[in-house]
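Printed here is my_file.tsv (TSV, C-alpha atoms):
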chain	number	residue	atom	x	y	z
A	1	MET	CA	124.19	68.76	84.73
A	2	SER	CA	122.58	68.08	88.09
A	3	ASN	CA	122.26	70.68	90.80
A	4	THR	CA	123.80	69.91	94.16
A	5	ILE	CA	121.79	70.99	97.18
A	6	ASN	CA	123.20	70.99	100.69
A	7	ASN	CA	120.76	68.99	102.82
A	8	ASN	CA	121.65	70.98	105.93
A	9	CYS	CA	121.22	74.49	104.53
A	10	GLU	CA	118.30	76.63	105.64
A	11	GLY	CA	115.41	76.55	103.19
A	12	CYS	CA	116.81	73.66	101.15
A	13	PRO	CA	114.62	70.65	100.34
A	14	ALA	CA	114.76	67.78	102.80
A	15	TYR	CA	113.31	65.17	100.47
A	16	SER	CA	115.21	62.17	99.13
A	17	LYS	CA	114.96	62.47	95.35
A	18	SER	CA	116.26	58.99	94.56
A	19	ASN	CA	113.74	57.36	96.88
A	20	LEU	CA	110.88	59.50	95.59
A	21	VAL	CA	111.70	58.55	92.00
A	22	ARG	CA	111.80	54.92	93.09
A	23	LEU	CA	108.36	55.45	94.60
A	24	GLY	CA	107.11	56.61	91.21
A	25	VAL	CA	107.00	60.38	91.78
A	26	ASP	CA	107.86	62.70	88.89
A	27	MET	CA	110.50	65.05	90.35
A	28	GLU	CA	111.08	67.34	87.37
A	29	ASN	CA	111.11	71.07	88.26
A	30	VAL	CA	110.23	70.60	91.94
A	31	ASP	CA	111.38	72.82	94.80
A	32	TYR	CA	109.52	71.16	97.68
A	33	VAL	CA	107.63	67.89	98.14
A	34	ILE	CA	104.49	67.73	100.28
A	35	ALA	CA	102.73	64.60	101.50
A	36	MET	CA	99.06	64.70	102.42
A	37	ALA	CA	97.90	62.12	104.96
A	38	GLY	CA	94.77	61.46	106.96
A	39	ASN	CA	92.00	59.08	107.92
A	40	PRO	CA	89.33	58.27	105.31
A	41	ASN	CA	86.40	60.72	105.22
A	42	THR	CA	88.30	63.70	106.63
A	43	GLY	CA	87.94	65.81	103.48
A	44	LYS	CA	91.56	65.13	102.56
A	45	SER	CA	90.79	64.96	98.83
A	46	THR	CA	88.94	68.28	99.02
A	47	VAL	CA	91.96	69.94	100.61
A	48	PHE	CA	94.17	68.34	97.94
A	49	ASN	CA	91.90	69.64	95.15
A	50	ASN	CA	91.89	73.13	96.65
A	51	LEU	CA	95.67	73.22	96.69
A	52	THR	CA	96.28	71.75	93.24
A	53	GLY	CA	93.23	72.76	91.18
A	54	LEU	CA	93.48	71.06	87.78
A	55	ARG	CA	97.25	70.53	88.09
A	56	GLN	CA	96.98	66.89	89.14
A	57	HIS	CA	96.99	63.37	87.79
A	58	THR	CA	96.52	59.84	89.08
A	59	GLY	CA	98.34	56.55	88.66
A	60	ASN	CA	99.31	53.49	90.67
A	61	TRP	CA	102.13	53.16	93.16
A	62	PRO	CA	104.92	51.01	91.68
A	63	GLY	CA	104.09	47.33	92.12
A	64	LYS	CA	100.81	48.14	93.88
A	65	THR	CA	97.16	48.38	92.93
A	66	VAL	CA	96.81	51.40	95.20
A	67	ILE	CA	95.96	54.63	93.35
A	68	ARG	CA	98.29	57.60	93.80
A	69	ALA	CA	97.04	61.15	93.26
A	70	GLU	CA	99.78	63.67	92.54
A	71	GLY	CA	99.58	67.38	91.82
A	72	GLY	CA	101.35	70.67	92.16
A	73	PHE	CA	101.04	74.34	92.89
A	74	ILE	CA	103.18	77.45	92.83
A	75	PHE	CA	103.39	79.66	95.91
A	76	ASN	CA	105.69	82.66	96.23
A	77	GLU	CA	107.52	81.59	93.06
A	78	LYS	CA	108.36	78.14	94.45
A	79	LYS	CA	107.09	74.93	92.85
A	80	TYR	CA	105.51	72.40	95.18
A	81	LYS	CA	104.81	68.76	94.38
A	82	ILE	CA	102.02	67.32	96.53
A	83	VAL	CA	101.22	63.62	96.86
A	84	ASP	CA	97.88	62.52	98.29
A	85	LEU	CA	98.63	59.38	100.32
A	86	PRO	CA	96.00	56.65	100.75
A	87	GLY	CA	93.50	57.36	103.52
A	88	THR	CA	94.43	55.17	106.47
A	89	TYR	CA	93.76	54.84	110.19
A	90	SER	CA	97.34	53.91	111.13
A	91	LEU	CA	100.87	53.40	109.82
A	92	LEU	CA	101.43	49.97	111.30
A	93	SER	CA	101.80	48.41	107.86
A	94	THR	CA	99.02	45.85	108.33
A	95	SER	CA	97.57	46.72	104.90
A	96	THR	CA	98.94	47.83	101.54
A	97	ASP	CA	97.50	51.33	102.01
A	98	GLU	CA	99.24	51.68	105.38
A	99	GLU	CA	102.53	50.39	103.97
A	100	VAL	CA	102.41	52.83	101.04
A	101	ALA	CA	101.67	55.83	103.27
A	102	ARG	CA	104.25	54.88	105.89
A	103	ASN	CA	107.03	54.15	103.40
A	104	PHE	CA	106.46	57.41	101.54
A	105	ILE	CA	106.90	59.47	104.71
A	106	LEU	CA	109.80	57.37	105.99
A	107	PHE	CA	111.80	56.88	102.78
A	108	GLY	CA	110.63	59.82	100.64
A	109	GLN	CA	111.23	62.31	103.47
A	110	PRO	CA	108.77	64.95	102.20
A	111	ASP	CA	109.55	68.54	103.14
A	112	VAL	CA	106.16	68.81	104.85
A	113	THR	CA	103.49	66.26	105.74
A	114	VAL	CA	100.02	67.80	105.91
A	115	ILE	CA	97.85	65.75	108.27
A	116	VAL	CA	94.16	66.34	107.55
A	117	VAL	CA	91.82	65.58	110.46
A	118	ASP	CA	88.08	65.85	110.98
A	119	ALA	CA	87.43	68.48	113.67
A	120	THR	CA	84.21	66.68	114.66
A	121	ARG	CA	86.10	63.43	115.35
A	122	LEU	CA	89.40	64.84	116.52
A	123	GLU	CA	90.22	62.29	119.22
A	124	ARG	CA	89.90	59.37	116.81
A	125	ASN	CA	91.97	61.12	114.13
A	126	LEU	CA	94.85	62.03	116.43
A	127	ASN	CA	96.01	58.40	116.60
A	128	LEU	CA	97.32	58.62	113.03
A	129	ALA	CA	98.70	62.11	113.61
A	130	LEU	CA	100.82	60.93	116.53
A	131	GLN	CA	102.13	57.99	114.49
A	132	ILE	CA	103.14	60.35	111.68
A	133	LEU	CA	104.97	62.59	114.14
A	134	GLU	CA	107.11	59.57	115.05
A	135	LEU	CA	108.37	59.61	111.45
A	136	THR	CA	108.84	63.28	110.66
A	137	ASN	CA	109.69	66.53	112.40
A	138	LYS	CA	108.06	68.63	109.66
A	139	ALA	CA	104.27	68.48	109.69
A	140	VAL	CA	101.17	70.67	109.66
A	141	LEU	CA	97.80	69.64	111.09
A	142	CYS	CA	94.91	70.78	108.91
A	143	LEU	CA	91.89	70.90	111.22
A	144	ASN	CA	89.24	70.39	108.55
A	145	MET	CA	85.43	70.52	108.78
A	146	MET	CA	85.51	73.32	111.33
A	147	ASP	CA	82.17	74.53	109.98
A	148	GLU	CA	80.52	71.21	110.87
A	149	ALA	CA	82.22	71.18	114.26
A	150	SER	CA	80.83	74.65	115.00
A	151	ARG	CA	77.38	73.58	113.83
A	152	ASN	CA	77.50	70.63	116.23
A	153	GLY	CA	78.68	72.75	119.16
A	154	VAL	CA	82.24	71.36	119.09
A	155	GLU	CA	84.94	73.84	120.07
A	156	VAL	CA	88.65	73.23	119.53
A	157	ASP	CA	91.38	75.21	121.28
A	158	VAL	CA	93.66	75.49	118.24
A	159	ARG	CA	96.51	77.17	120.13
A	160	ALA	CA	96.52	74.55	122.90
A	161	LEU	CA	96.39	71.72	120.37
A	162	SER	CA	99.32	73.18	118.47
A	163	LYS	CA	101.31	73.48	121.68
A	164	GLU	CA	100.55	69.88	122.69
A	165	LEU	CA	101.48	68.44	119.28
A	166	GLY	CA	104.45	70.73	118.69
A	167	ILE	CA	103.37	71.56	115.13
A	168	PRO	CA	101.24	74.29	113.54
A	169	VAL	CA	97.48	73.67	113.48
A	170	ILE	CA	95.38	75.39	110.79
A	171	PRO	CA	91.57	75.43	111.15
A	172	ALA	CA	89.82	74.98	107.80
A	173	ALA	CA	86.56	74.24	106.03
A	174	ALA	CA	87.86	72.97	102.69
A	175	ARG	CA	84.45	72.72	101.04
A	176	LYS	CA	84.09	76.48	101.54
A	177	ARG	CA	87.79	77.13	100.77
A	178	GLN	CA	88.23	78.53	104.25
A	179	GLY	CA	91.72	78.27	105.74
A	180	ILE	CA	93.43	77.32	102.48
A	181	GLN	CA	95.54	80.49	102.23
A	182	GLU	CA	96.63	80.09	105.84
A	183	LEU	CA	97.53	76.48	105.09
A	184	LEU	CA	99.64	77.53	102.09
A	185	HIS	CA	101.54	80.10	104.15
A	186	THR	CA	102.18	77.55	106.90
A	187	ILE	CA	103.36	74.88	104.46
A	188	GLU	CA	105.86	77.38	103.10
A	189	GLU	CA	107.10	78.31	106.58
A	190	VAL	CA	107.66	74.68	107.57
A	191	ALA	CA	109.21	73.72	104.21
A	192	THR	CA	111.68	76.61	104.31
A	193	GLY	CA	112.51	76.20	107.99
A	194	LYS	CA	110.97	79.51	109.08
A	195	TYR	CA	108.74	77.48	111.42
A	196	VAL	CA	110.66	74.82	113.34
A	197	CYS	CA	108.38	72.02	114.49
A	198	LYS	CA	109.02	70.25	117.79
A	199	PRO	CA	106.58	67.35	117.57
A	200	ARG	CA	105.47	65.36	120.55
A	201	LYS	CA	106.88	61.84	120.69
A	202	ILE	CA	105.21	58.83	122.28
A	203	LYS	CA	107.33	57.33	125.06
A	204	SER	CA	107.09	53.85	126.50
A	205	ASN	CA	106.91	53.30	130.25
A	206	SER	CA	108.34	49.78	130.01
A	207	PRO	CA	112.02	49.60	131.13
A	208	LYS	CA	112.51	46.24	129.38
A	209	LEU	CA	111.09	47.55	126.10
A	210	ASN	CA	113.17	50.72	126.33
A	211	HIS	CA	116.31	48.64	126.94
A	212	ALA	CA	115.57	46.46	123.90
A	213	ILE	CA	114.92	49.53	121.75
A	214	GLU	CA	118.17	51.16	122.88
A	215	LYS	CA	120.16	47.99	122.14
A	216	ILE	CA	118.76	47.62	118.62
A	217	ALA	CA	119.03	51.38	118.00
A	218	ALA	CA	122.75	51.22	118.82
A	219	MET	CA	123.25	48.48	116.23
A	220	LEU	CA	121.25	50.44	113.66
A	221	ASN	CA	123.31	53.57	114.30
A	222	LYS	CA	126.48	51.57	113.74
A	223	GLU	CA	125.21	50.11	110.46
A	224	PHE	CA	123.39	53.23	109.24
A	225	PRO	CA	125.04	56.31	110.78
A	226	GLY	CA	122.72	59.29	111.04
A	227	LEU	CA	119.54	57.26	110.55
A	228	PRO	CA	116.61	59.46	111.62
A	229	HIS	CA	113.93	58.22	114.02
A	230	VAL	CA	116.13	55.27	114.90
A	231	ASN	CA	114.12	54.33	118.01
A	232	TRP	CA	110.97	54.08	115.91
A	233	VAL	CA	112.74	51.81	113.41
A	234	ALA	CA	114.04	49.68	116.29
A	235	LEU	CA	110.51	49.28	117.65
A	236	ARG	CA	109.21	48.22	114.24
A	237	LEU	CA	111.95	45.57	114.08
A	238	LEU	CA	110.91	44.25	117.48
A	239	GLU	CA	107.39	43.94	116.10
A	240	GLY	CA	108.68	41.96	113.09
A	241	ASP	CA	107.79	44.59	110.49
A	242	ASN	CA	108.64	42.87	107.19
A	243	SER	CA	108.96	46.06	105.13
A	244	ILE	CA	111.54	47.49	107.55
A	245	ILE	CA	113.40	44.17	107.61
A	246	GLU	CA	113.49	44.16	103.79
A	247	ALA	CA	114.68	47.80	103.77
A	248	ILE	CA	117.63	46.77	105.95
A	249	LYS	CA	118.48	43.80	103.72
A	250	SER	CA	118.28	45.89	100.53
A	251	GLY	CA	120.16	48.82	102.01
A	252	ASP	CA	117.26	51.23	101.37
A	253	LEU	CA	117.28	52.15	105.04
A	254	GLY	CA	120.68	53.74	104.53
A	255	ASN	CA	119.22	56.10	101.92
A	256	ILE	CA	117.39	58.12	104.58
A	257	ASN	CA	120.58	59.26	106.30
A	258	VAL	CA	119.81	62.90	107.11
A	259	GLN	CA	123.42	63.64	108.00
A	260	SER	CA	124.55	63.02	104.43
A	261	PRO	CA	126.03	66.41	103.47
A	262	GLN	CA	124.55	66.61	99.99
A	263	ILE	CA	121.72	65.26	97.86
A	264	GLN	CA	121.60	65.34	94.09
A	265	VAL	CA	118.63	67.01	92.42
If you convert what's in this file into structure tokens, what do you get?
Amino acid sequence: MSNTINNNCEGCPAYSKSNLVRLGVDMENVDYVIAMAGNPNTGKSTVFNNLTGLRQHTGNWPGKTVIRAEGGFIFNEKKYKIVDLPGTYSLLSTSTDEEVARNFILFGQPDVTVIVVDATRLERNLNLALQILELTNKAVLCLNMMDEASRNGVEVDVRALSKELGIPVIPAAARKRQGIQELLHTIEEVATGKYVCKPRKIKSNSPKLNHAIEKIAAMLNKEFPGLPHVNWVALRLLEGDNSIIEAIKSGDLGNINVQSPQIQV
């Protein structure tokens, strides 16, 4: 007999189980689902290994040749499933890796997305971070390689960065296991709703573009009531994003309705 979880209750999972299963994720005995995203060469895999230890396995994404690493950990008696998304520089769906990462965050609706960035190349890494924050309101920035940044004379104002992004920022040096406990605590706080993220959104200065987005967003809201991040979806449609177009045709876009009162787990 399946358990029914109210999607609006405090501390309840936000993920979409049916979509995650469709994406090939084993959802047995899972309390919260975590996505791990980041540019290549940010130490993302090291962070993933620190969190999961030997409790991980690899396979391919359904219908793709892209490898998926999946693992788990237990923290404060809750079971977390963590999926290491392909390293990518953007979510514009111009490559299979980008499409896989983007669709997992958009359709899977993980409870937390951990964005791993290289502290020595922060400006370049923030492009992906800002794109992810267009898709989710629940994220943590893992500021990795802080030891190398310090060695190179790079200083990061963690508090100011957190304020600007609207999400928690955790400094870490994953190779030395520094910051991992703080990351675990923060993941728990975001997953359970103890920490409410207010991520920064990118706004267009073009009145014509804004008008077009609003017009398409209104049609999307009518067809898919409660669709989250509707302006972002509208913008992708204007750009001719094939995966979003297909999601509308198949009805998958309607599966990410966050106002649906209940999800089955």
Residue nearest A:Ile170 among A:Leu126, A:Ile213, A:Val114, A:Gly53 (counting all atoms listed in the file):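 Among A:Leu126, A:Ile213, A:Val114, A:Gly53, it is A:Val114 that comes nearest to A:Ile170.
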Among the residues A:Asn137, A:Pro225, A:Asp97, A:Glu123, the one that comes closest to A:Val196 [using all atoms listed in the file]: A:Asn137
Env of A:Asn41: 12 Å cut, atoms = only C-alpha atoms, seq-sep filter 5 positions within chain, self excluded. Answer as a CSV table (one decimal) with C-alpha atoms, keeping the file's coordinate frame.
chain,number,residue,atom,x,y,z
A,46,THR,CA,88.9,68.3,99.0
A,47,VAL,CA,92.0,69.9,100.6
A,86,PRO,CA,96.0,56.6,100.8
A,87,GLY,CA,93.5,57.4,103.5
A,88,THR,CA,94.4,55.2,106.5
A,89,TYR,CA,93.8,54.8,110.2
A,116,VAL,CA,94.2,66.3,107.6
A,117,VAL,CA,91.8,65.6,110.5
A,118,ASP,CA,88.1,65.8,111.0
A,119,ALA,CA,87.4,68.5,113.7
A,120,THR,CA,84.2,66.7,114.7
A,121,ARG,CA,86.1,63.4,115.4
A,125,ASN,CA,92.0,61.1,114.1
A,144,ASN,CA,89.2,70.4,108.6
A,145,MET,CA,85.4,70.5,108.8
For A:Leu238, the nearest of the candidates A:Val158, A:Asn29, A:Phe48, A:Glu214, counting all atoms listed in the file: A:Glu214
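You can rank A:Lys201, A:Arg68, A:Arg124, A:Arg177 by their closest distance to A:Phe104 using only C-alpha atoms, and at the top of that list sits A:Arg68.
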Gap from atom CA of A:Ile180 to atom CA of A:Cys142 - Å, one decimal: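 Interatomic distance here is 9.3 Å.
The closest residue to A:Phe73, picked from A:Ala174, A:Ile245, A:Leu184, A:Leu161 and counting all atoms listed in the file, is A:Leu184.
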Answer as a PyMOL selection string, residues within 8 Å of (89.7, 76.4, 113.9) using only C-alpha atoms: chain A and resi 143+146+156-158+170-172
Nearest candidate to A:Gly166 (options A:Arg200, A:Lys194, A:Lys78, A:Lys17; using only C-alpha atoms): A:Arg200
Within 10 Å of A:Val233 using only C-alpha atoms, minus same-chain residues under 6 positions, as a list in words: Leu106, Glu134, Leu135, Ile213, Ile216, Ala217, Leu220, Leu227, Glu239, Asp241, Ile244, Ile245 and Leu253 of chain A
Surrounding residues of A:Pro199 excluding itself and chain neighbours under 2 positions, 10 Å, all atoms listed in the file, as a list of chain:residue names: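 These residues fall inside the cut-off: A:Leu130, A:Ile132, A:Leu133, A:Glu134, A:Thr136, A:Asn137, A:Lys138, A:Ala139, A:Ser162, A:Lys163, A:Glu164, A:Leu165, A:Gly166, A:Ile167, A:Pro168, A:Val196, A:Cys197, A:Lys201, A:Ile202.
Across the model, the gap from atom CA of A:Trp232 to atom CA of A:Val25 is 25.3 Å.
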Length of the atom CA of A:Ala160 to atom CA of A:Leu122 vector [Å]: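 Atom-to-atom, atom CA of A:Ala160 and atom CA of A:Leu122 are spaced 13.6 Å apart.
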Taking (99.8, 63.8, 97.9) in the file's coordinates, which residues come within 7 Å, counting all atoms listed in the file, written as an mmCIF file with C-alpha atoms, in the coordinates of the input?
data_model
loop_
_atom_site.group_PDB
_atom_site.id
_atom_site.type_symbol
_atom_site.label_atom_id
_atom_site.label_comp_id
_atom_site.auth_asym_id
_atom_site.auth_seq_id
_atom_site.Cartn_x
_atom_site.Cartn_y
_atom_site.Cartn_z
ATOM 1 C CA ILE A 34 104.490 67.730 100.280
ATOM 2 C CA ALA A 35 102.730 64.600 101.500
ATOM 3 C CA MET A 36 99.060 64.700 102.420
ATOM 4 C CA ALA A 69 97.040 61.150 93.260
ATOM 5 C CA GLU A 70 99.780 63.670 92.540
ATOM 6 C CA ILE A 82 102.020 67.320 96.530
ATOM 7 C CA VAL A 83 101.220 63.620 96.860
ATOM 8 C CA ASP A 84 97.880 62.520 98.290
ATOM 9 C CA LEU A 85 98.630 59.380 100.320
#
Selection near A:Thr186, 8 Å with only C-alpha atoms, sequence-local residues under 4 positions removed, as a list in words: Val140, Pro168, Glu182, Val190 and Tyr195 of chain A
